[in-house]
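Peer 1: Sharing entry-v3.csv here; it has CSV, C-alpha atoms and all ligand atoms.
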```
chain,number,residue,atom,x,y,z
A,1,MET,CA,90.2,141.6,128.3
A,2,ALA,CA,87.4,139.2,129.3
A,3,VAL,CA,86.7,136.4,126.9
A,4,LYS,CA,83.3,136.6,125.3
A,5,ARG,CA,83.5,134.7,122.0
A,6,ILE,CA,85.9,131.9,121.0
A,7,GLY,CA,86.5,130.2,117.6
A,8,VAL,CA,87.1,126.5,117.1
A,9,LEU,CA,88.7,124.8,114.1
A,10,THR,CA,89.8,121.3,113.1
A,11,GLY,CA,93.0,121.2,111.0
A,12,GLY,CA,95.1,118.6,109.2
A,13,GLY,CA,94.0,115.0,108.4
A,14,ASP,CA,90.7,114.1,110.1
A,15,CYS,CA,90.5,111.4,112.8
A,16,PRO,CA,87.9,109.8,115.0
A,17,GLY,CA,87.1,112.0,118.1
A,18,LEU,CA,87.2,115.4,116.5
A,19,ASN,CA,83.5,115.9,117.0
A,20,ALA,CA,83.8,114.7,120.6
A,21,VAL,CA,86.3,117.5,121.2
A,22,ILE,CA,84.1,120.1,119.4
A,23,ARG,CA,81.2,119.0,121.5
A,24,ALA,CA,83.1,119.3,124.8
A,25,VAL,CA,84.5,122.7,123.9
A,26,VAL,CA,81.1,124.1,122.8
A,27,LYS,CA,79.1,122.7,125.6
A,28,THR,CA,81.6,123.7,128.3
A,29,ALA,CA,82.0,127.2,126.8
A,30,ILE,CA,78.3,127.8,126.8
A,31,ASN,CA,77.3,126.0,130.0
A,32,ASP,CA,80.2,126.8,132.3
A,33,HIS,CA,81.3,130.2,131.0
A,34,GLY,CA,78.6,131.8,128.9
A,35,TRP,CA,80.9,132.3,125.9
A,36,GLU,CA,79.7,132.3,122.3
A,37,VAL,CA,81.4,129.9,120.0
A,38,MET,CA,82.1,130.3,116.3
A,39,GLY,CA,82.8,127.2,114.2
A,40,ILE,CA,85.6,127.9,111.7
A,41,GLU,CA,85.1,125.9,108.5
A,42,ASP,CA,87.9,123.7,107.0
A,43,GLY,CA,90.7,124.5,109.4
A,44,PHE,CA,92.8,127.6,108.7
A,45,LEU,CA,91.0,127.9,105.3
A,46,GLY,CA,88.0,129.2,107.2
A,47,ILE,CA,90.0,132.0,108.7
A,48,ILE,CA,91.7,132.8,105.4
A,49,ARG,CA,88.4,132.9,103.6
A,50,ASN,CA,86.3,134.2,106.5
A,51,ARG,CA,84.0,131.2,106.6
A,52,MET,CA,82.6,130.7,110.1
A,53,HIS,CA,79.3,130.1,111.7
A,54,PRO,CA,77.9,130.1,115.2
A,55,LEU,CA,77.9,126.8,117.1
A,56,THR,CA,75.1,126.1,119.5
A,57,MET,CA,74.2,123.3,122.0
A,58,THR,CA,71.9,121.9,119.3
A,59,ASP,CA,74.6,121.8,116.7
A,60,THR,CA,76.8,119.7,119.0
A,61,SER,CA,74.1,117.4,120.2
A,62,ASN,CA,74.4,113.8,119.0
A,63,ILE,CA,77.9,114.2,117.5
A,64,LEU,CA,79.9,112.4,120.2
A,65,THR,CA,80.0,109.1,118.4
A,66,GLN,CA,80.3,110.6,114.8
A,67,GLY,CA,83.6,110.1,112.9
A,68,GLY,CA,85.1,113.0,110.9
A,69,THR,CA,84.5,116.6,111.8
A,70,ILE,CA,81.3,118.7,111.5
A,71,LEU,CA,83.5,121.7,110.7
A,72,GLY,CA,85.4,120.2,107.8
A,73,THR,CA,89.2,120.3,107.7
A,74,SER,CA,92.1,121.0,105.4
A,75,ASN,CA,95.8,119.9,105.4
A,76,LYS,CA,96.7,122.5,102.8
A,77,ALA,CA,95.8,125.9,104.4
A,78,ASP,CA,98.9,127.4,106.0
A,79,PRO,CA,98.4,131.2,106.6
A,80,ALA,CA,102.1,131.8,106.3
A,81,ASN,CA,102.4,130.0,103.0
A,82,PHE,CA,99.1,129.8,101.2
A,83,LYS,CA,98.6,128.9,97.6
A,84,VAL,CA,96.9,131.9,95.9
A,85,GLY,CA,97.1,130.8,92.3
A,86,ILE,CA,99.4,129.4,89.6
A,87,ASP,CA,101.9,131.3,87.4
A,88,GLU,CA,102.3,131.1,83.6
A,89,GLU,CA,104.4,128.0,83.9
A,90,GLY,CA,101.7,126.3,85.9
A,91,LYS,CA,103.7,126.4,89.1
A,92,PRO,CA,101.8,127.3,92.4
A,93,VAL,CA,102.2,130.8,93.7
A,94,PHE,CA,102.3,131.1,97.5
A,95,GLU,CA,101.7,134.1,99.7
A,96,ASP,CA,101.7,135.0,103.4
A,97,VAL,CA,98.0,135.7,104.1
A,98,THR,CA,98.5,136.2,107.9
A,99,ALA,CA,97.3,139.9,107.8
A,100,ARG,CA,94.0,138.7,106.2
A,101,CYS,CA,93.6,136.1,109.0
A,102,VAL,CA,94.2,138.7,111.7
A,103,GLU,CA,91.6,141.0,110.0
A,104,HIS,CA,89.0,138.3,109.8
A,105,ILE,CA,89.5,137.2,113.4
A,106,ALA,CA,89.1,140.8,114.6
A,107,ALA,CA,86.0,141.3,112.5
A,108,ARG,CA,84.4,138.2,114.0
A,109,GLU,CA,85.5,139.4,117.5
A,110,LEU,CA,87.1,136.1,118.4
A,111,ASP,CA,89.0,136.4,121.6
A,112,VAL,CA,90.7,133.0,121.4
A,113,ILE,CA,90.9,130.2,118.8
A,114,VAL,CA,90.9,126.6,119.8
A,115,CYS,CA,92.9,124.8,117.2
A,116,ILE,CA,92.3,121.0,117.2
A,117,GLY,CA,95.1,119.4,115.1
A,118,GLY,CA,98.5,117.8,114.7
A,119,ASP,CA,102.0,119.3,114.3
A,120,GLY,CA,101.1,121.2,111.1
A,121,THR,CA,98.1,122.8,112.7
A,122,MET,CA,100.2,123.7,115.8
A,123,SER,CA,102.7,125.3,113.5
A,124,GLY,CA,99.9,127.4,112.0
A,125,ALA,CA,98.7,128.3,115.5
A,126,SER,CA,102.2,129.2,116.6
A,127,HIS,CA,102.4,131.5,113.6
A,128,LEU,CA,99.1,133.2,114.6
A,129,VAL,CA,100.3,133.5,118.2
A,130,THR,CA,103.3,135.7,117.0
A,131,THR,CA,100.7,138.2,115.7
A,132,GLY,CA,99.0,138.5,119.0
A,133,ILE,CA,96.1,136.0,118.3
A,134,ARG,CA,95.4,133.9,121.3
A,135,CYS,CA,95.3,130.2,120.6
A,136,ILE,CA,94.8,126.9,122.5
A,137,GLY,CA,95.8,123.6,120.9
A,138,VAL,CA,94.2,120.2,121.3
A,139,PRO,CA,96.4,117.3,120.1
A,140,LYS,CA,94.9,115.2,117.4
A,141,THR,CA,96.3,112.5,115.1
A,142,ILE,CA,96.1,108.8,114.4
A,143,ASP,CA,99.9,108.9,114.1
A,144,ASN,CA,100.4,109.7,117.8
A,145,ASP,CA,103.5,111.7,116.9
A,146,LEU,CA,102.9,115.0,118.6
A,147,MET,CA,105.7,116.1,121.0
A,148,HIS,CA,105.1,116.5,124.7
A,149,THR,CA,102.0,114.4,124.9
A,150,GLU,CA,102.1,110.6,125.5
A,151,VAL,CA,98.8,110.2,123.6
A,152,THR,CA,96.7,112.0,121.0
A,153,PHE,CA,93.1,111.3,120.5
A,154,GLY,CA,92.3,109.3,117.3
A,155,PHE,CA,95.3,107.0,117.9
A,156,ASN,CA,93.4,104.4,119.9
A,157,THR,CA,90.6,104.1,117.4
A,158,ALA,CA,93.1,103.7,114.5
A,159,VAL,CA,94.9,101.0,116.4
A,160,GLU,CA,91.6,99.1,116.9
A,161,THR,CA,90.7,99.5,113.2
A,162,ALA,CA,94.1,98.3,112.0
A,163,THR,CA,94.1,95.5,114.5
A,164,GLU,CA,90.8,94.2,113.3
A,165,ALA,CA,92.1,94.3,109.7
A,166,LEU,CA,95.2,92.4,110.7
A,167,ASP,CA,93.1,89.8,112.5
A,168,ARG,CA,91.1,89.3,109.3
A,169,ILE,CA,94.3,89.1,107.2
A,170,HIS,CA,95.5,86.4,109.6
A,171,THR,CA,92.8,84.0,108.8
A,172,THR,CA,93.1,84.3,105.0
A,173,ALA,CA,97.0,84.2,105.3
A,174,SER,CA,96.7,80.9,107.2
A,175,SER,CA,94.2,79.4,104.7
A,176,HIS,CA,96.4,80.2,101.7
A,177,HIS,CA,99.8,79.7,103.3
A,178,ARG,CA,100.9,83.1,102.2
A,179,VAL,CA,103.1,85.9,103.4
A,180,MET,CA,100.7,88.8,103.9
A,181,LEU,CA,101.9,92.4,104.3
A,182,VAL,CA,99.6,95.0,105.8
A,183,GLU,CA,100.6,98.6,105.4
A,184,MET,CA,99.6,101.2,107.9
A,185,MET,CA,99.7,105.0,108.1
A,186,GLY,CA,101.8,107.1,110.5
A,187,ARG,CA,104.2,109.1,108.3
A,188,ASN,CA,107.6,108.9,109.9
A,189,ALA,CA,106.3,107.5,113.2
A,190,GLY,CA,105.7,103.8,113.8
A,191,TRP,CA,103.3,104.0,116.7
A,192,LEU,CA,100.3,102.7,114.9
A,193,THR,CA,102.1,99.8,113.2
A,194,LEU,CA,103.9,98.9,116.5
A,195,HIS,CA,100.7,98.8,118.5
A,196,ALA,CA,98.4,97.2,115.9
A,197,GLY,CA,101.2,94.7,115.0
A,198,ALA,CA,101.6,93.8,118.7
A,199,ALA,CA,97.9,93.6,119.3
A,200,SER,CA,97.3,91.2,116.4
A,201,GLY,CA,100.3,89.0,116.9
A,202,ALA,CA,102.1,90.1,113.7
A,203,ASP,CA,105.3,88.0,113.0
A,204,VAL,CA,107.3,90.8,111.5
A,205,ILE,CA,106.9,94.6,112.4
A,206,LEU,CA,108.7,97.1,110.1
A,207,LEU,CA,108.9,100.6,111.5
A,208,PRO,CA,110.3,103.9,110.1
A,209,GLU,CA,112.5,104.1,113.1
A,210,ILE,CA,114.2,100.7,112.4
A,211,PRO,CA,115.4,100.4,108.8
A,212,TYR,CA,115.0,96.8,107.7
A,213,ASP,CA,117.3,94.3,106.0
A,214,LEU,CA,115.5,92.5,103.2
A,215,ASP,CA,117.5,89.3,103.8
A,216,VAL,CA,116.6,89.2,107.5
A,217,VAL,CA,112.9,89.6,106.6
A,218,CYS,CA,113.1,86.8,103.9
A,219,ASP,CA,115.1,84.5,106.2
A,220,TYR,CA,112.5,84.9,108.9
A,221,CYS,CA,109.6,84.0,106.5
A,222,LYS,CA,111.6,80.9,105.2
A,223,MET,CA,112.4,79.9,108.8
A,224,ARG,CA,108.7,80.0,109.6
A,225,SER,CA,107.7,77.9,106.6
A,226,LYS,CA,110.4,75.4,107.4
A,227,ARG,CA,109.0,75.1,110.9
A,228,GLY,CA,105.6,74.3,109.5
A,229,LYS,CA,104.1,77.7,109.8
A,230,ALA,CA,103.2,78.2,106.2
A,231,PHE,CA,102.2,81.8,106.6
A,232,THR,CA,103.7,85.1,107.9
A,233,ILE,CA,102.0,88.3,108.8
A,234,ILE,CA,104.1,91.5,108.2
A,235,ALA,CA,102.9,94.7,109.7
A,236,VAL,CA,104.6,97.5,107.8
A,237,ALA,CA,104.5,101.2,108.4
A,238,GLU,CA,104.1,103.4,105.3
A,239,GLY,CA,107.4,105.1,106.4
A,240,ALA,CA,109.4,101.9,106.6
A,241,LYS,CA,112.6,101.9,104.6
A,242,PRO,CA,115.5,99.5,104.0
A,243,ILE,CA,118.9,100.0,105.6
A,244,GLY,CA,120.6,102.7,103.6
A,245,GLY,CA,117.5,103.1,101.4
A,246,GLU,CA,114.6,105.5,101.0
A,247,VAL,CA,110.9,105.6,101.9
A,248,VAL,CA,108.3,104.9,99.1
A,249,ILE,CA,106.5,108.1,98.1
A,250,ASP,CA,102.9,107.7,96.7
A,251,GLN,CA,102.5,111.4,95.7
A,252,ILE,CA,103.6,114.9,96.2
A,253,VAL,CA,100.8,117.3,97.1
A,254,VAL,CA,102.4,120.6,96.0
A,255,ASP,CA,100.1,123.0,97.8
A,256,SER,CA,100.4,121.2,101.1
A,257,PRO,CA,102.8,122.5,103.8
A,258,ASP,CA,103.9,118.9,104.3
A,259,PRO,CA,103.8,117.8,100.6
A,260,ILE,CA,105.1,114.2,100.8
A,261,ARG,CA,102.4,111.4,100.9
A,262,LEU,CA,104.0,108.1,101.7
A,263,GLY,CA,102.5,104.8,100.4
A,264,GLY,CA,103.3,101.6,98.5
A,265,VAL,CA,106.1,100.1,100.5
A,266,SER,CA,104.1,96.9,101.2
A,267,THR,CA,103.5,96.2,97.5
A,268,HIS,CA,107.1,96.9,96.7
A,269,LEU,CA,108.3,94.6,99.5
A,270,ALA,CA,105.8,91.9,98.6
A,271,ARG,CA,107.4,91.6,95.1
A,272,GLN,CA,110.9,91.5,96.6
A,273,ILE,CA,110.1,88.9,99.2
A,274,GLU,CA,108.3,86.7,96.7
A,275,GLN,CA,111.3,86.8,94.3
A,276,LYS,CA,113.8,86.0,97.0
A,277,THR,CA,111.8,83.3,98.9
A,278,ARG,CA,109.5,81.9,96.3
A,279,LEU,CA,106.8,82.2,98.9
A,280,GLU,CA,103.5,83.6,97.7
A,281,CYS,CA,103.0,87.2,98.9
A,282,ARG,CA,100.1,89.7,99.0
A,283,ALA,CA,100.0,93.3,100.2
A,284,THR,CA,97.1,95.2,101.7
A,285,VAL,CA,97.2,99.0,102.1
A,286,LEU,CA,94.8,100.0,104.9
A,287,GLY,CA,94.9,103.7,103.9
A,288,HIS,CA,92.2,106.1,105.0
A,289,VAL,CA,90.0,103.4,106.5
A,290,GLN,CA,92.3,103.9,109.6
A,291,ARG,CA,91.1,107.5,109.9
A,292,GLY,CA,87.3,106.9,109.5
A,293,GLY,CA,84.5,105.6,111.6
A,294,THR,CA,83.2,106.1,115.1
A,295,PRO,CA,85.8,106.8,117.9
A,296,SER,CA,86.5,104.1,120.4
A,297,ALA,CA,85.3,104.6,124.0
A,298,PHE,CA,88.8,105.5,125.0
A,299,ASP,CA,89.0,108.3,122.4
A,300,ARG,CA,85.6,109.6,123.3
A,301,VAL,CA,86.7,110.0,126.9
A,302,LEU,CA,90.1,111.4,126.0
A,303,ALA,CA,88.6,113.9,123.5
A,304,THR,CA,86.0,115.0,126.1
A,305,GLN,CA,88.8,115.6,128.7
A,306,PHE,CA,91.0,117.4,126.2
A,307,GLY,CA,88.1,119.7,125.1
A,308,PHE,CA,87.1,120.5,128.7
A,309,HIS,CA,90.8,121.2,129.6
A,310,ALA,CA,91.1,123.6,126.6
A,311,THR,CA,88.3,125.7,128.0
A,312,GLU,CA,89.8,125.6,131.5
A,313,LEU,CA,93.0,127.0,130.1
A,314,ILE,CA,91.1,129.8,128.5
A,315,ALA,CA,89.1,130.5,131.7
A,316,SER,CA,92.3,130.7,133.7
A,317,GLU,CA,93.9,132.9,131.0
A,318,GLN,CA,96.6,130.5,130.1
A,319,PHE,CA,96.8,131.2,126.4
A,320,ASP,CA,98.9,129.9,123.6
A,321,ARG,CA,99.2,126.4,125.1
A,322,LEU,CA,98.6,122.9,123.9
A,323,VAL,CA,96.6,120.5,126.0
A,324,VAL,CA,98.8,117.4,126.7
A,325,MET,CA,98.7,114.1,128.6
A,326,GLN,CA,101.8,113.5,130.7
A,327,GLU,CA,102.1,110.6,133.1
A,328,SER,CA,98.4,110.1,132.6
A,329,GLN,CA,97.6,113.6,133.9
A,330,LEU,CA,96.1,116.5,131.8
A,331,SER,CA,98.6,119.3,131.5
A,332,SER,CA,99.7,121.9,128.9
A,333,VAL,CA,102.9,123.1,127.2
A,334,PRO,CA,103.5,126.2,125.0
A,335,ILE,CA,102.2,125.6,121.5
A,336,THR,CA,105.5,126.9,120.0
A,337,GLU,CA,107.2,123.9,121.5
A,338,VAL,CA,105.4,121.3,119.4
A,339,ALA,CA,105.2,123.1,116.1
A,340,ASP,CA,106.7,121.2,113.2
A,341,GLN,CA,108.2,118.5,115.4
A,342,GLN,CA,107.5,114.7,115.4
A,343,ARG,CA,107.6,112.3,118.3
A,344,THR,CA,108.9,109.0,117.0
A,345,VAL,CA,109.2,105.5,118.6
A,346,GLU,CA,112.4,105.2,120.7
A,347,LEU,CA,114.4,102.1,120.0
A,348,ASN,CA,114.3,101.1,123.6
A,349,ASP,CA,110.4,101.4,123.8
A,350,PRO,CA,109.2,98.7,126.2
A,351,LEU,CA,106.8,97.4,123.6
A,352,ILE,CA,109.6,96.7,121.1
A,353,ARG,CA,111.4,94.7,123.8
A,354,ALA,CA,108.3,92.8,124.7
A,355,CYS,CA,107.6,91.9,121.1
A,356,GLN,CA,111.2,90.8,120.6
A,357,ALA,CA,111.0,88.6,123.6
A,358,ILE,CA,108.1,86.7,122.1
A,359,GLY,CA,109.9,86.2,118.8
A,360,VAL,CA,108.7,89.1,116.7
A,361,SER,CA,111.2,90.2,114.0
A,362,PHE,CA,111.8,93.9,113.4
A,363,GLY,CA,113.6,93.1,110.2
A,364,THR,CA,117.1,93.7,111.4
A,365,LYS,CA,119.9,92.0,113.3
A,366,ASP,CA,121.0,95.3,114.8
A,367,LEU,CA,118.4,95.8,117.5
B,1,LIG,O1,98.8,112.5,109.6
B,1,LIG,C1,97.7,111.7,109.4
B,1,LIG,C2,97.9,110.9,108.1
B,1,LIG,O2,96.8,110.0,108.0
B,1,LIG,C3,99.2,110.1,107.9
B,1,LIG,O3,99.2,108.9,108.7
B,1,LIG,C4,99.2,109.9,106.4
B,1,LIG,O4,100.5,109.8,106.0
B,1,LIG,C5,98.6,111.2,105.9
B,1,LIG,O5,97.9,111.8,106.9
B,1,LIG,C6,97.8,111.1,104.7
B,1,LIG,O6,97.4,112.3,104.3
B,1,LIG,P1,96.2,112.6,103.2
B,1,LIG,O7,94.9,112.6,103.9
B,1,LIG,O8,96.5,114.0,102.7
B,1,LIG,O9,96.3,111.5,102.2
```
Here is a file; write its structure as structure tokens.
Ligand code: F6P
Peer 2:
Amino acid sequence: MAVKRIGVLTGGGDCPGLNAVIRAVVKTAINDHGWEVMGIEDGFLGIIRNRMHPLTMTDTSNILTQGGTILGTSNKADPANFKVGIDEEGKPVFEDVTARCVEHIAARELDVIVCIGGDGTMSGASHLVTTGIRCIGVPKTIDNDLMHTEVTFGFNTAVETATEALDRIHTTASSHHRVMLVEMMGRNAGWLTLHAGAASGADVILLPEIPYDLDVVCDYCKMRSKRGKAFTIIAVAEGAKPIGGEVVIDQIVVDSPDPIRLGGVSTHLARQIEQKTRLECRATVLGHVQRGGTPSAFDRVLATQFGFHATELIASEQFDRLVVMQESQLSSVPITEVADQQRTVELNDPLIRACQAIGVSFGTKDL
């Protein structure tokens, strides 16, 4: 069956570069292939609720540099497990609304859906694929934690944003002779903290993949102050945890397929370090600032390549695949292979070794 009309959606947490992918998909689809494009609103929610609208060249003009997504997004709409209401006890009621999605896709005559998102979105896409819906995935996330691709768009911009924040913290830390903790996003993956920490010359980098020893962190801060360095910068991932301990949870979003929201480890650690060392500590949580703003030049280029490659896959009838970057080459893997999986930092990552060599502490003696 020849492709005539495709749908495009952005799912999960937003990030810089989403609009650049939408632009590349829409313009290539219209220019190169003569397909029509429907924009699906708010990720899978737009399929569930049948909220879609045509996307034209005009709609996608001037959006390359815009942060966010012109389509809206949602990290709560999972067709296989969708909240349809609450019971008498106030508990959410979930239902499988896949049949409704298949109906809406057929009614809109969408031949393929381009799903731009992270592991949760790819899990939703994998589920649709099992019903015969044809999908193409494009890897997005500031966390950089999607399997089988060495980079996701959005990551580079988030690293730049976090690095700038760390640089600013550096000057105030130095003036006040304080231990300053800066908490970054990333869920269970430390890519963002590792890269921003390295780029800004953080003294201590705490990652989810390397549980920390509070004594090691405190000794390091004291050692620096004894050597006359009266401040210490600690880059801490929101998923960092002590050896044998747990992550700090900010909230549970019950109607989200991935309900745990991490946050608060930096504040908690600041109090502990202050108590143990008597050094003055402050914590800054960067939060959603890391997801906002205009994409970096690197992400604009990557997003354009990813969007273009997505349409090439459709044109060559290679469906149900995720666009990936492997050894700096565009390629693709089956979407089912990335669903609900996370790519975390390996302990032998060359950047960890390089940081250690220049004296950065990862908060443990066992590395
Ligand atoms: O996956 C992207 C991400 O920004 C994570 O780094 C973070 O833990 C989470 O999303 C925050 O989600 P929300 O936007 O629901 O607060």
Peer 1: What's the 12 Å shell around Glu312 (chain A), counting only C-alpha atoms, without same-chain residues fewer than 2 positions away, as a PyMOL selection string?
Peer 2: chain A and resi 24-25+28-29+32-33+114+136+305-310+314-319+321-323+330-332
Peer 1: What does the list of residues within 7 Å of ligand LIG 1 (chain B) look like if you count all atoms listed in the file, written as a list in words?
Peer 2: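 The distance check yields Gly13, Asn75, Thr141, Ile142, Asp143, Met185, Gly186, Arg187, Arg261, Leu262, His288 and Arg291 of chain A.
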Peer 1: Could you tell me how far CA of Glu95 (chain A) lies from CA of Lys140 (chain A), in Å and to one decimal?
Peer 2: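 We find that CA of Glu95 (chain A) and CA of Lys140 (chain A) lie 26.8 Å from each other.
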Peer 1: Considering only C-alpha atoms, state which residue in the set A:Leu146, A:Ala125, A:Val324, A:Ala357 is at the smallest distance from Ala303 (chain A).
Peer 2: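 So, comparing all the options, the nearest one is A:Val324.
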Peer 1: Could you work out how far CA of Val338 (chain A) lies from CA of Arg353 (chain A), giving the answer in Å with one decimal?
Peer 2: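 A separation of 27.6 Å between them.
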Peer 1: Report the distance between CA of Ile335 (chain A) and CA of Gly68 (chain A) in Å, rounded to one decimal place.
Peer 2: 23.7 Å
Peer 1: Neighbours of Gly201 (chain A) within 12 Å (all atoms listed in the file; same-chain residues fewer than 5 positions away dropped), as a list in words?
Peer 2: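 Once the nearby chain positions are removed, what remains is Thr163, Glu164, Leu166, Asp167, Arg168, Ile169, His170, Thr193, Leu194, His195, Ala196, Thr232, Ile233, Ile234, Ala235, Ala354, Cys355, Gln356, Ile358, Gly359, Val360 and Ser361 of chain A.
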Peer 1: For Pro54 (chain A), which residue among A:Glu150, A:Asn19, A:Val37, A:Ile210 is the nearest when counting all atoms listed in the file?
Peer 2: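 Of A:Glu150, A:Asn19, A:Val37, A:Ile210, the one nearest Pro54 (chain A), counting all atoms listed in the file, is A:Val37.
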Peer 1: With all atoms listed in the file as the atoms that count, which of A:Lys76, A:His53, A:His127, A:Arg271 lies nearest to Met180 (chain A)?
Peer 2: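 Checking each candidate against Met180 (chain A), we get A:Arg271 as the closest.
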Peer 1: Measuring between all atoms listed in the file, which one of A:Ile249, A:Ala165, A:Val159, A:Val97 shows the shortest distance to Lys83 (chain A)?
Peer 2: A:Val97
Peer 1: Can you pull out every residue within 12 Å of Leu207 (chain A), counting all atoms listed in the file, but drop anything in the same chain fewer than 6 positions away, and send it as a PyMOL selection string?
Peer 2: chain A and resi 183-197+213+234-243+247+265-266+344-347+352+361-364
Peer 1: Now that the selection is made, can you save its residues with C-alpha atoms as a PDB file, in the coordinates of the input?
Peer 2:
```pdb
ATOM      1  CA  GLU A 183     100.600  98.600 105.400  1.00  0.00           C
ATOM      2  CA  MET A 184      99.600 101.200 107.900  1.00  0.00           C
ATOM      3  CA  MET A 185      99.700 105.000 108.100  1.00  0.00           C
ATOM      4  CA  GLY A 186     101.800 107.100 110.500  1.00  0.00           C
ATOM      5  CA  ARG A 187     104.200 109.100 108.300  1.00  0.00           C
ATOM      6  CA  ASN A 188     107.600 108.900 109.900  1.00  0.00           C
ATOM      7  CA  ALA A 189     106.300 107.500 113.200  1.00  0.00           C
ATOM      8  CA  GLY A 190     105.700 103.800 113.800  1.00  0.00           C
ATOM      9  CA  TRP A 191     103.300 104.000 116.700  1.00  0.00           C
ATOM     10  CA  LEU A 192     100.300 102.700 114.900  1.00  0.00           C
ATOM     11  CA  THR A 193     102.100  99.800 113.200  1.00  0.00           C
ATOM     12  CA  LEU A 194     103.900  98.900 116.500  1.00  0.00           C
ATOM     13  CA  HIS A 195     100.700  98.800 118.500  1.00  0.00           C
ATOM     14  CA  ALA A 196      98.400  97.200 115.900  1.00  0.00           C
ATOM     15  CA  GLY A 197     101.200  94.700 115.000  1.00  0.00           C
ATOM     16  CA  ASP A 213     117.300  94.300 106.000  1.00  0.00           C
ATOM     17  CA  ILE A 234     104.100  91.500 108.200  1.00  0.00           C
ATOM     18  CA  ALA A 235     102.900  94.700 109.700  1.00  0.00           C
ATOM     19  CA  VAL A 236     104.600  97.500 107.800  1.00  0.00           C
ATOM     20  CA  ALA A 237     104.500 101.200 108.400  1.00  0.00           C
ATOM     21  CA  GLU A 238     104.100 103.400 105.300  1.00  0.00           C
ATOM     22  CA  GLY A 239     107.400 105.100 106.400  1.00  0.00           C
ATOM     23  CA  ALA A 240     109.400 101.900 106.600  1.00  0.00           C
ATOM     24  CA  LYS A 241     112.600 101.900 104.600  1.00  0.00           C
ATOM     25  CA  PRO A 242     115.500  99.500 104.000  1.00  0.00           C
ATOM     26  CA  ILE A 243     118.900 100.000 105.600  1.00  0.00           C
ATOM     27  CA  VAL A 247     110.900 105.600 101.900  1.00  0.00           C
ATOM     28  CA  VAL A 265     106.100 100.100 100.500  1.00  0.00           C
ATOM     29  CA  SER A 266     104.100  96.900 101.200  1.00  0.00           C
ATOM     30  CA  THR A 344     108.900 109.000 117.000  1.00  0.00           C
ATOM     31  CA  VAL A 345     109.200 105.500 118.600  1.00  0.00           C
ATOM     32  CA  GLU A 346     112.400 105.200 120.700  1.00  0.00           C
ATOM     33  CA  LEU A 347     114.400 102.100 120.000  1.00  0.00           C
ATOM     34  CA  ILE A 352     109.600  96.700 121.100  1.00  0.00           C
ATOM     35  CA  SER A 361     111.200  90.200 114.000  1.00  0.00           C
ATOM     36  CA  PHE A 362     111.800  93.900 113.400  1.00  0.00           C
ATOM     37  CA  GLY A 363     113.600  93.100 110.200  1.00  0.00           C
ATOM     38  CA  THR A 364     117.100  93.700 111.400  1.00  0.00           C
TER      39      THR A 364
END
```
Peer 1: Could you pull the residues within 12 Å of region 42-47 of chain A, counting all atoms listed in the file, minus those fewer than 6 positions along the same chain, as a tab-separated table (two decimals) with C-alpha atoms, keeping the file's coordinate frame?
Peer 2:
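Everything below was put into selection-v4.tsv:
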```tsv
chain	number	residue	atom	x	y	z
A	7	GLY	CA	86.50	130.20	117.60
A	8	VAL	CA	87.10	126.50	117.10
A	9	LEU	CA	88.70	124.80	114.10
A	10	THR	CA	89.80	121.30	113.10
A	11	GLY	CA	93.00	121.20	111.00
A	12	GLY	CA	95.10	118.60	109.20
A	13	GLY	CA	94.00	115.00	108.40
A	14	ASP	CA	90.70	114.10	110.10
A	53	HIS	CA	79.30	130.10	111.70
A	68	GLY	CA	85.10	113.00	110.90
A	69	THR	CA	84.50	116.60	111.80
A	70	ILE	CA	81.30	118.70	111.50
A	71	LEU	CA	83.50	121.70	110.70
A	72	GLY	CA	85.40	120.20	107.80
A	73	THR	CA	89.20	120.30	107.70
A	74	SER	CA	92.10	121.00	105.40
A	75	ASN	CA	95.80	119.90	105.40
A	76	LYS	CA	96.70	122.50	102.80
A	77	ALA	CA	95.80	125.90	104.40
A	78	ASP	CA	98.90	127.40	106.00
A	79	PRO	CA	98.40	131.20	106.60
A	80	ALA	CA	102.10	131.80	106.30
A	81	ASN	CA	102.40	130.00	103.00
A	82	PHE	CA	99.10	129.80	101.20
A	83	LYS	CA	98.60	128.90	97.60
A	84	VAL	CA	96.90	131.90	95.90
A	97	VAL	CA	98.00	135.70	104.10
A	98	THR	CA	98.50	136.20	107.90
A	99	ALA	CA	97.30	139.90	107.80
A	100	ARG	CA	94.00	138.70	106.20
A	101	CYS	CA	93.60	136.10	109.00
A	102	VAL	CA	94.20	138.70	111.70
A	103	GLU	CA	91.60	141.00	110.00
A	104	HIS	CA	89.00	138.30	109.80
A	105	ILE	CA	89.50	137.20	113.40
A	106	ALA	CA	89.10	140.80	114.60
A	107	ALA	CA	86.00	141.30	112.50
A	108	ARG	CA	84.40	138.20	114.00
A	110	LEU	CA	87.10	136.10	118.40
A	113	ILE	CA	90.90	130.20	118.80
A	114	VAL	CA	90.90	126.60	119.80
A	115	CYS	CA	92.90	124.80	117.20
A	116	ILE	CA	92.30	121.00	117.20
A	117	GLY	CA	95.10	119.40	115.10
A	118	GLY	CA	98.50	117.80	114.70
A	120	GLY	CA	101.10	121.20	111.10
A	121	THR	CA	98.10	122.80	112.70
A	122	MET	CA	100.20	123.70	115.80
A	123	SER	CA	102.70	125.30	113.50
A	124	GLY	CA	99.90	127.40	112.00
A	125	ALA	CA	98.70	128.30	115.50
A	127	HIS	CA	102.40	131.50	113.60
A	128	LEU	CA	99.10	133.20	114.60
```
Peer 1: Find, counting only C-alpha atoms, the residue in A:Val179, A:Met52, A:Ala199, A:Val216 that gets nearest to Ile40 (chain A).
Peer 2: A:Met52
